[in-house]
>>> print(open('entry-v3.pdb').read())   # PDB, C-alpha atoms
MODEL        1
ATOM      1  CA  MET C 273      96.257  77.406 113.089
ATOM      2  CA  ALA C 274      94.967  80.828 112.044
ATOM      3  CA  ARG C 275      94.262  82.030 108.522
ATOM      4  CA  LEU C 276      97.267  82.733 106.288
ATOM      5  CA  ASN C 277      98.148  86.409 106.127
ATOM      6  CA  ALA C 278      97.988  88.435 102.914
ATOM      7  CA  THR C 279     101.669  87.917 102.100
ATOM      8  CA  ASP C 280     101.388  84.156 102.450
ATOM      9  CA  LEU C 281      98.187  84.031 100.398
ATOM     10  CA  GLU C 282      99.875  85.963  97.589
ATOM     11  CA  GLY C 283     102.900  83.685  97.926
ATOM     12  CA  VAL C 284     100.708  80.626  97.409
ATOM     13  CA  ARG C 285      99.071  82.238  94.383
ATOM     14  CA  ALA C 286     102.452  83.162  92.882
ATOM     15  CA  GLU C 287     103.905  79.684  93.481
ATOM     16  CA  PHE C 288     100.911  78.107  91.787
ATOM     17  CA  ALA C 289     101.321  80.497  88.843
ATOM     18  CA  LYS C 290     105.008  79.562  88.632
ATOM     19  CA  ASP C 291     104.141  75.853  88.565
ATOM     20  CA  ILE C 292     101.554  76.388  85.846
ATOM     21  CA  SER C 293     104.039  78.424  83.805
ATOM     22  CA  ARG C 294     106.773  75.824  84.154
ATOM     23  CA  VAL C 295     104.623  73.109  82.590
ATOM     24  CA  ARG C 296     103.082  75.551  80.080
ATOM     25  CA  GLU C 297      99.605  74.608  81.189
ATOM     26  CA  PRO C 298      96.920  76.977  79.896
ATOM     27  CA  ILE C 299      94.908  78.616  82.648
ATOM     28  CA  SER C 300      91.666  80.484  82.160
ATOM     29  CA  VAL C 301      91.274  82.528  85.309
ATOM     30  CA  THR C 302      92.653  85.963  86.067
ATOM     31  CA  LYS C 303      94.963  86.854  88.941
ATOM     32  CA  PRO C 304      92.118  88.271  91.085
ATOM     33  CA  GLU C 305      90.063  85.137  90.456
ATOM     34  CA  LEU C 306      93.005  82.905  91.358
ATOM     35  CA  ALA C 307      93.692  84.947  94.499
ATOM     36  CA  ALA C 308      90.049  84.541  95.512
ATOM     37  CA  ALA C 309      90.375  80.773  95.031
ATOM     38  CA  VAL C 310      93.427  80.653  97.282
ATOM     39  CA  ASP C 311      91.624  82.716  99.892
ATOM     40  CA  GLY C 312      88.558  80.474  99.735
ATOM     41  CA  LEU C 313      90.573  77.294 100.129
ATOM     42  CA  ASP C 314      92.528  78.720 103.042
ATOM     43  CA  GLN C 315      89.300  79.723 104.726
ATOM     44  CA  TYR C 316      87.896  76.235 104.168
ATOM     45  CA  MET C 317      91.031  74.608 105.584
ATOM     46  CA  ASN C 318      90.904  76.903 108.579
ATOM     47  CA  GLU C 319      87.303  75.986 109.293
ATOM     48  CA  SER C 320      87.696  72.278 108.503
ATOM     49  CA  GLN C 321      91.051  71.405 110.014
ATOM     50  CA  GLY C 322      89.392  69.770 113.010
ATOM     51  CA  LEU C 323      87.213  67.584 110.803
ATOM     52  CA  ILE C 324      90.181  66.555 108.669
ATOM     53  CA  ASN C 325      92.204  65.678 111.740
ATOM     54  CA  ALA C 326      89.302  63.700 113.160
ATOM     55  CA  ALA C 327      89.110  61.647 109.949
ATOM     56  CA  ILE C 328      92.530  60.183 110.690
ATOM     57  CA  PRO C 329      92.353  57.044 112.859
ATOM     58  CA  LEU C 330      93.580  57.599 116.401
ATOM     59  CA  ALA C 331      96.930  55.821 116.106
ATOM     60  CA  ALA C 332      98.034  57.923 113.162
ATOM     61  CA  ARG C 333      96.309  61.049 114.461
ATOM     62  CA  THR C 334      98.430  60.955 117.590
ATOM     63  CA  GLY C 335     101.492  59.283 116.090
ATOM     64  CA  LEU C 336     102.054  61.638 113.162
ATOM     65  CA  THR C 337     103.203  65.207 113.535
ATOM     66  CA  THR C 338     101.106  67.993 112.070
ATOM     67  CA  PRO C 339     103.506  68.461 109.099
ATOM     68  CA  GLN C 340     103.428  64.685 108.480
ATOM     69  CA  LYS C 341      99.623  64.683 108.472
ATOM     70  CA  ALA C 342      99.661  67.661 106.111
ATOM     71  CA  ARG C 343     102.006  65.840 103.731
ATOM     72  CA  LEU C 344      99.801  62.761 103.925
ATOM     73  CA  LEU C 345      96.814  64.901 102.986
ATOM     74  CA  LEU C 346      98.808  66.292 100.043
ATOM     75  CA  HIS C 347      99.527  62.754  98.816
ATOM     76  CA  VAL C 348      95.868  61.765  99.030
ATOM     77  CA  ILE C 349      94.772  64.906  97.174
ATOM     78  CA  ASN C 350      97.514  64.394  94.592
ATOM     79  CA  LYS C 351      96.418  60.820  93.881
ATOM     80  CA  ARG C 352      92.710  61.662  93.831
ATOM     81  CA  TYR C 353      92.803  64.785  91.685
ATOM     82  CA  ILE C 354      96.175  65.047  89.872
ATOM     83  CA  THR C 355      98.162  61.911  89.107
ATOM     84  CA  GLY C 356      95.197  59.606  89.474
ATOM     85  CA  ALA C 357      92.751  61.830  87.625
TER      86      ALA C 357
ATOM     87  CA  MET N 293     114.817 105.596  56.954
ATOM     88  CA  ALA N 294     111.270 105.746  55.875
ATOM     89  CA  ALA N 295     108.378 105.365  58.233
ATOM     90  CA  ASP N 296     107.766 101.774  59.341
ATOM     91  CA  ASP N 297     111.291 100.652  58.426
ATOM     92  CA  THR N 298     112.982  98.462  61.036
ATOM     93  CA  LEU N 299     115.798 100.164  62.940
ATOM     94  CA  ALA N 300     116.732  97.244  65.188
ATOM     95  CA  THR N 301     115.622  93.793  66.237
ATOM     96  CA  LEU N 302     116.572  92.919  69.805
ATOM     97  CA  ASN N 303     116.918  89.229  70.542
ATOM     98  CA  ALA N 304     115.492  87.851  73.772
ATOM     99  CA  PHE N 305     118.868  86.583  74.972
ATOM    100  CA  SER N 306     120.745  89.797  74.306
ATOM    101  CA  PHE N 307     119.106  91.270  77.393
ATOM    102  CA  GLU N 308     120.690  92.734  80.521
ATOM    103  CA  SER N 309     119.264  92.432  84.012
ATOM    104  CA  PRO N 310     118.747  94.631  87.047
ATOM    105  CA  THR N 311     119.783  93.189  90.411
ATOM    106  CA  THR N 312     116.217  92.533  91.555
ATOM    107  CA  ASN N 313     112.884  91.849  89.890
ATOM    108  CA  TYR N 314     114.437  90.685  86.650
ATOM    109  CA  ALA N 315     112.963  88.663  83.823
ATOM    110  CA  VAL N 316     114.678  85.290  83.486
ATOM    111  CA  ALA N 317     116.024  83.429  80.472
ATOM    112  CA  ASP N 318     113.729  80.617  79.465
ATOM    113  CA  THR N 319     112.735  78.529  76.472
ATOM    114  CA  ARG N 320     109.395  77.519  75.076
ATOM    115  CA  ASN N 321     109.583  74.578  72.675
ATOM    116  CA  ASN N 322     113.298  75.401  72.356
ATOM    117  CA  ARG N 323     112.524  78.982  71.393
ATOM    118  CA  ARG N 324     114.633  81.310  73.472
ATOM    119  CA  CYS N 325     112.544  83.766  75.429
ATOM    120  CA  LEU N 326     112.525  85.911  78.533
ATOM    121  CA  ALA N 327     109.977  85.029  81.192
ATOM    122  CA  PHE N 328     108.271  87.922  82.941
ATOM    123  CA  SER N 329     106.518  86.547  86.032
ATOM    124  CA  ASP N 330     103.234  87.687  87.505
ATOM    125  CA  ALA N 331     104.660  88.029  91.014
ATOM    126  CA  ALA N 332     106.643  91.268  90.596
ATOM    127  CA  ASN N 333     107.191  94.006  88.047
ATOM    128  CA  ASP N 334     109.969  92.165  86.209
ATOM    129  CA  VAL N 335     112.405  94.189  84.128
ATOM    130  CA  ALA N 336     114.853  93.575  81.270
ATOM    131  CA  TYR N 337     117.207  95.971  79.501
ATOM    132  CA  TRP N 338     118.641  95.944  76.003
ATOM    133  CA  SER N 339     121.649  98.033  75.008
ATOM    134  CA  HIS N 340     121.982  99.124  71.419
ATOM    135  CA  VAL N 341     123.218 101.902  69.124
ATOM    136  CA  MET N 342     120.629 103.896  67.266
ATOM    137  CA  PRO N 343     121.327 103.258  63.559
ATOM    138  CA  GLN N 344     122.657 106.129  61.495
ATOM    139  CA  ALA N 345     119.644 105.662  59.285
ATOM    140  CA  TYR N 346     117.348 106.972  62.017
ATOM    141  CA  VAL N 347     115.889 110.191  60.646
ATOM    142  CA  GLY N 348     114.618 111.396  64.001
ATOM    143  CA  THR N 349     111.688 113.499  62.974
ATOM    144  CA  THR N 350     108.711 111.592  64.263
ATOM    145  CA  GLY N 351     109.986 108.907  66.644
ATOM    146  CA  VAL N 352     109.862 105.152  66.950
ATOM    147  CA  ASP N 353     107.521 102.292  67.661
ATOM    148  CA  VAL N 354     108.773  99.621  70.037
ATOM    149  CA  ILE N 355     107.066  96.341  69.245
ATOM    150  CA  ILE N 356     107.199  93.609  71.888
ATOM    151  CA  HIS N 357     106.661  90.077  70.571
ATOM    152  CA  TRP N 358     105.368  87.783  73.317
ATOM    153  CA  SER N 359     103.177  84.858  74.270
ATOM    154  CA  ALA N 360     101.386  83.931  77.461
ATOM    155  CA  THR N 361     100.776  80.911  79.622
ATOM    156  CA  ALA N 362      97.278  82.079  80.504
ATOM    157  CA  ILE N 363      94.403  82.144  78.046
ATOM    158  CA  THR N 364      92.454  84.857  79.797
ATOM    159  CA  GLY N 365      93.359  88.160  81.357
ATOM    160  CA  ASP N 366      95.517  91.007  80.123
ATOM    161  CA  VAL N 367      99.094  92.279  80.160
ATOM    162  CA  ASP N 368     100.476  95.748  80.892
ATOM    163  CA  TRP N 369     103.812  96.884  79.421
ATOM    164  CA  ASP N 370     106.012  99.850  80.346
ATOM    165  CA  VAL N 371     108.917 100.846  78.091
ATOM    166  CA  ALA N 372     111.535 103.581  78.531
ATOM    167  CA  PHE N 373     114.665 104.836  76.743
ATOM    168  CA  GLU N 374     117.926 105.899  78.357
ATOM    169  CA  ARG N 375     120.416 107.822  76.227
ATOM    170  CA  PHE N 376     124.031 106.938  77.106
ATOM    171  CA  HIS N 377     125.830 110.018  75.884
ATOM    172  CA  ALA N 378     128.215 112.830  76.877
ATOM    173  CA  THR N 379     127.924 113.393  80.654
ATOM    174  CA  HIS N 380     125.804 110.374  81.490
ATOM    175  CA  ASP N 381     127.590 108.242  84.112
ATOM    176  CA  ALA N 382     127.421 104.524  83.324
ATOM    177  CA  ASP N 383     127.021 103.857  87.053
ATOM    178  CA  THR N 384     123.676 105.609  87.223
ATOM    179  CA  ASP N 385     120.314 105.095  85.601
ATOM    180  CA  GLY N 386     118.773 107.916  83.629
ATOM    181  CA  PHE N 387     115.703 106.560  81.955
ATOM    182  CA  ALA N 388     113.063 108.835  80.555
ATOM    183  CA  THR N 389     109.494 108.364  81.706
ATOM    184  CA  ASP N 390     107.919 105.036  80.823
ATOM    185  CA  ASN N 391     105.417 104.858  78.022
ATOM    186  CA  SER N 392     102.733 102.304  78.704
ATOM    187  CA  VAL N 393     100.345 100.089  76.848
ATOM    188  CA  ASP N 394      97.903  98.496  79.237
ATOM    189  CA  ASN N 395      95.194  95.859  79.124
ATOM    190  CA  THR N 396      96.366  93.918  76.072
ATOM    191  CA  THR N 397      94.261  90.761  76.136
ATOM    192  CA  VAL N 398      96.300  87.557  75.977
ATOM    193  CA  PRO N 399      95.703  85.216  73.004
ATOM    194  CA  ALA N 400      92.912  82.696  73.518
ATOM    195  CA  THR N 401      95.363  79.839  72.973
ATOM    196  CA  SER N 402      98.405  79.461  75.211
ATOM    197  CA  GLY N 403     101.569  79.941  73.199
ATOM    198  CA  TYR N 404     100.045  81.888  70.344
ATOM    199  CA  PRO N 405     102.130  84.973  69.574
ATOM    200  CA  ALA N 406     101.025  88.514  70.285
ATOM    201  CA  ALA N 407     102.624  91.882  69.577
ATOM    202  CA  THR N 408     102.230  95.080  71.555
ATOM    203  CA  THR N 409     103.303  98.398  70.059
ATOM    204  CA  VAL N 410     104.523 101.163  72.363
ATOM    205  CA  THR N 411     104.911 104.490  70.573
ATOM    206  CA  PHE N 412     107.506 107.176  71.242
ATOM    207  CA  THR N 413     107.777 110.647  69.782
ATOM    208  CA  ASP N 414     111.215 111.941  68.869
ATOM    209  CA  GLY N 415     112.892 114.002  71.592
ATOM    210  CA  VAL N 416     112.537 113.791  75.364
ATOM    211  CA  ASP N 417     109.970 111.005  75.086
ATOM    212  CA  MET N 418     112.842 108.748  73.998
ATOM    213  CA  ASP N 419     115.431 110.538  76.161
ATOM    214  CA  SER N 420     116.574 112.529  73.106
ATOM    215  CA  VAL N 421     118.305 109.531  71.507
ATOM    216  CA  VAL N 422     119.600 110.455  68.053
ATOM    217  CA  ALA N 423     121.339 108.490  65.317
ATOM    218  CA  GLY N 424     124.633 107.050  66.524
ATOM    219  CA  ASP N 425     123.804 107.268  70.235
ATOM    220  CA  MET N 426     124.200 104.343  72.568
ATOM    221  CA  PHE N 427     121.027 103.723  74.480
ATOM    222  CA  ARG N 428     119.276 101.245  76.719
ATOM    223  CA  LEU N 429     115.711 100.150  76.379
ATOM    224  CA  ARG N 430     113.934  99.126  79.567
ATOM    225  CA  VAL N 431     110.934  96.814  79.297
ATOM    226  CA  THR N 432     108.785  96.169  82.355
ATOM    227  CA  ARG N 433     105.804  93.921  82.779
ATOM    228  CA  ASP N 434     103.527  95.915  85.068
ATOM    229  CA  SER N 435     102.257  92.772  86.720
ATOM    230  CA  THR N 436     100.937  94.508  89.809
ATOM    231  CA  ALA N 437      98.312  96.051  87.552
ATOM    232  CA  ASP N 438      97.644  93.394  84.915
ATOM    233  CA  THR N 439      95.510  90.284  85.337
ATOM    234  CA  ALA N 440      97.125  87.428  83.373
ATOM    235  CA  VAL N 441      98.229  84.508  85.548
ATOM    236  CA  GLY N 442     101.732  83.112  85.085
ATOM    237  CA  ASP N 443     104.650  84.006  82.891
ATOM    238  CA  ILE N 444     104.693  86.129  79.776
ATOM    239  CA  GLN N 445     107.403  85.030  77.347
ATOM    240  CA  VAL N 446     109.136  87.749  75.317
ATOM    241  CA  TYR N 447     110.914  86.512  72.172
ATOM    242  CA  ALA N 448     112.081  89.663  70.431
ATOM    243  CA  ILE N 449     111.657  93.400  70.279
ATOM    244  CA  GLU N 450     111.560  95.424  67.100
ATOM    245  CA  ILE N 451     112.311  99.128  67.009
ATOM    246  CA  ARG N 452     110.712 100.711  63.986
ATOM    247  CA  GLU N 453     110.838 104.281  62.695
ATOM    248  CA  SER N 454     107.391 105.820  62.962
TER     249      SER N 454
ENDMDL
END
>>> encode(input="entry-v3.pdb", output="structure tokens")
Amino acid sequence: MARLNATDLEGVRAEFAKDISRVREPISVTKPELAAAVDGLDQYMNESQGLINAAIPLAARTGLTTPQKARLLLHVINKRYITGA
Amino acid sequence: MAADDTLATLNAFSFESPTTNYAVADTRNNRRCLAFSDAANDVAYWSHVMPQAYVGTTGVDVIIHWSATAITGDVDWDVAFERFHATHDADTDGFATDNSVDNTTVPATSGYPAATTVTFTDGVDMDSVVAGDMFRLRVTRDSTADTAVGDIQVYAIEIRES
């Protein structure tokens, strides 16, 4: 999968800002800094998607669809860094 | 009225909306507010009648009372008057040019109140609104130019004789 285009990157940034606003969570970066963070993470995911896929044992790697593997990754990240933090 | 006397206080929920890019009704700790997002130049209108006490020699200050989600960055505001009088068709917009106050730094604590004053001189700057005229006030968060992440909550707007 290629890099997200500019519209999608801004969409991700805006959705994150909406989430932060909904829970009234203070945030201490500016919009350009947040946009750069989104861009950096997308670039990392683009470069590392093969490694992430390879980390999944074969049965699940071939048995799960790409969206299912993405959702699984979301759950792991959520537990590691958000709800489990 | 004398200078600095309040002409009107516009409540957050007495707003009117455009069809697109509108601020949305929200609450913060049960305080009614309007949320201006950072994703588009959100707009809200307020309709009012200029009090008969308006002297109309110098103009008005429009004071926006707001808070932010973010604790860094800045906010840009654009404000314009539209006189609704005589031959003005209600089906069309006729706002005067926006007056802007840019780069107001958000409070260092999320939720702390801030106030931004946008000044108008009497006459065309405020679309020639005089005492007794109906008018609309248009408030826009110029979010394509400002840097604060997330919503800005507007609680009230004061119009004060300058």
>>> resolve_selection(input="entry-v3.pdb", expression="the PyMOL selection byres ((chain N and resi 390) around 7)", output="list in words")
Asp370, Val371, Ala372, Ala388, Thr389, Asn391 and Ser392 of chain N
>>> closest_residue(input="entry-v3.pdb", among="N:Thr311, N:Thr298, N:Ser402, N:Ser420", to="chain C", atoms="only C-alpha atoms")
N:Ser402
>>> resolve_selection(input="entry-v3.pdb", expression="the PyMOL selection byres ((chain N) within 12 of (chain C))", output="ChimeraX atom specification")
/N:318-321,327-332,359-367,397-404,435-445
>>> atom_distance(input="entry-v3.pdb", atom1="CA of Ala407 (chain N)", atom2="CA of Ile356 (chain N)")
5.4 Å
>>> residues_around(input="entry-v3.pdb", residues="Arg333 (chain C)", least_positions_apart="5", cutoff="12 Å", atoms="all atoms listed in the file", output="MDAnalysis selection string")
chainID C and resid 322:328 338:342 344
>>> atom_distance(input="entry-v3.pdb", atom1="CA of Leu302 (chain N)", atom2="CA of Asn395 (chain N)")
23.5 Å
>>> residues_around(input="entry-v3.pdb", residues="Asn318 (chain C)", least_positions_apart="3", cutoff="9 Å", atoms="all atoms listed in the file", output="tab-separated table (two decimals) with C-alpha atoms, in the frame of the given file")
chain	number	residue	atom	x	y	z
C	273	MET	CA	96.26	77.41	113.09
C	274	ALA	CA	94.97	80.83	112.04
C	275	ARG	CA	94.26	82.03	108.52
C	276	LEU	CA	97.27	82.73	106.29
C	313	LEU	CA	90.57	77.29	100.13
C	314	ASP	CA	92.53	78.72	103.04
C	315	GLN	CA	89.30	79.72	104.73
C	321	GLN	CA	91.05	71.40	110.01
C	322	GLY	CA	89.39	69.77	113.01
>>> closest_residue(input="entry-v3.pdb", among="N:Glu374, N:Asp394, N:Asp353, N:Asp383", to="Met426 (chain N)", atoms="all atoms listed in the file")
N:Glu374
>>> residues_around(input="entry-v3.pdb", residues="region 338-340 of chain N", least_positions_apart="2", cutoff="8 Å", atoms="all atoms listed in the file", output="PyMOL selection string")
chain N and resi 302+306-308+336+342+426-430
>>> resolve_selection(input="entry-v3.pdb", expression="the PyMOL selection byres ((chain N and resi 377) around 12)", output="PyMOL selection string")
chain N and resi 341-342+374-376+378-382+386+419-428
>>> residues_around(input="entry-v3.pdb", residues="Ala295 (chain N)", least_positions_apart="2", cutoff="10 Å", atoms="all atoms listed in the file", output="list in words")
Met293, Asp297, Thr298, Tyr346, Val347, Thr349, Thr350, Gly351, Val352, Asp353, Arg452, Glu453 and Ser454 of chain N
>>> atom_distance(input="entry-v3.pdb", atom1="CA of Val348 (chain C)", atom2="CA of Gly335 (chain C)")
18.1 Å
>>> closest_residue(input="entry-v3.pdb", among="N:Val416, N:Val446, N:Val410, N:Ile451", to="Ala315 (chain N)", atoms="all atoms listed in the file")
N:Val446
>>> closest_residue(input="entry-v3.pdb", among="C:Lys351, C:Leu345, C:Leu281, C:Gly356", to="Gly312 (chain C)", atoms="all atoms listed in the file")
C:Leu281
>>> decode(input="entry-v3.pdb", residues="region 326-338 of chain C", atoms="N, CA and C atoms", output="short mmCIF file (atom, residue, chain, number, x, y, z; two decimals), in the first residue's frame")
data_model
loop_
_atom_site.label_atom_id
_atom_site.label_comp_id
_atom_site.auth_asym_id
_atom_site.auth_seq_id
_atom_site.Cartn_x
_atom_site.Cartn_y
_atom_site.Cartn_z
N ALA C 326 5.23 -9.74 8.71
CA ALA C 326 6.06 -10.91 8.96
C ALA C 326 6.07 -11.32 10.43
N ALA C 327 5.72 -10.37 11.32
CA ALA C 327 5.70 -10.68 12.76
C ALA C 327 4.50 -11.54 13.13
N ILE C 328 3.53 -11.61 12.26
CA ILE C 328 2.33 -12.41 12.53
C ILE C 328 2.62 -13.86 12.11
N PRO C 329 2.39 -14.81 13.02
CA PRO C 329 2.60 -16.22 12.66
C PRO C 329 1.83 -16.61 11.40
N LEU C 330 2.38 -17.56 10.67
CA LEU C 330 1.90 -17.88 9.33
C LEU C 330 0.39 -18.13 9.25
N ALA C 331 -0.13 -18.90 10.21
CA ALA C 331 -1.56 -19.25 10.12
C ALA C 331 -2.44 -18.00 10.12
N ALA C 332 -2.12 -17.08 11.02
CA ALA C 332 -2.92 -15.86 11.08
C ALA C 332 -2.56 -14.91 9.94
N ARG C 333 -1.29 -14.92 9.55
CA ARG C 333 -0.85 -14.04 8.47
C ARG C 333 -1.60 -14.35 7.18
N THR C 334 -1.84 -15.63 6.95
CA THR C 334 -2.53 -16.02 5.72
C THR C 334 -4.04 -16.15 5.93
N GLY C 335 -4.44 -16.36 7.19
CA GLY C 335 -5.86 -16.58 7.45
C GLY C 335 -6.65 -15.30 7.66
N LEU C 336 -5.99 -14.25 8.10
CA LEU C 336 -6.67 -12.98 8.33
C LEU C 336 -6.57 -12.09 7.08
N THR C 337 -7.61 -11.32 6.87
CA THR C 337 -7.55 -10.34 5.78
C THR C 337 -6.68 -9.16 6.22
N THR C 338 -6.30 -8.34 5.28
CA THR C 338 -5.50 -7.17 5.62
C THR C 338 -6.24 -6.24 6.60
#
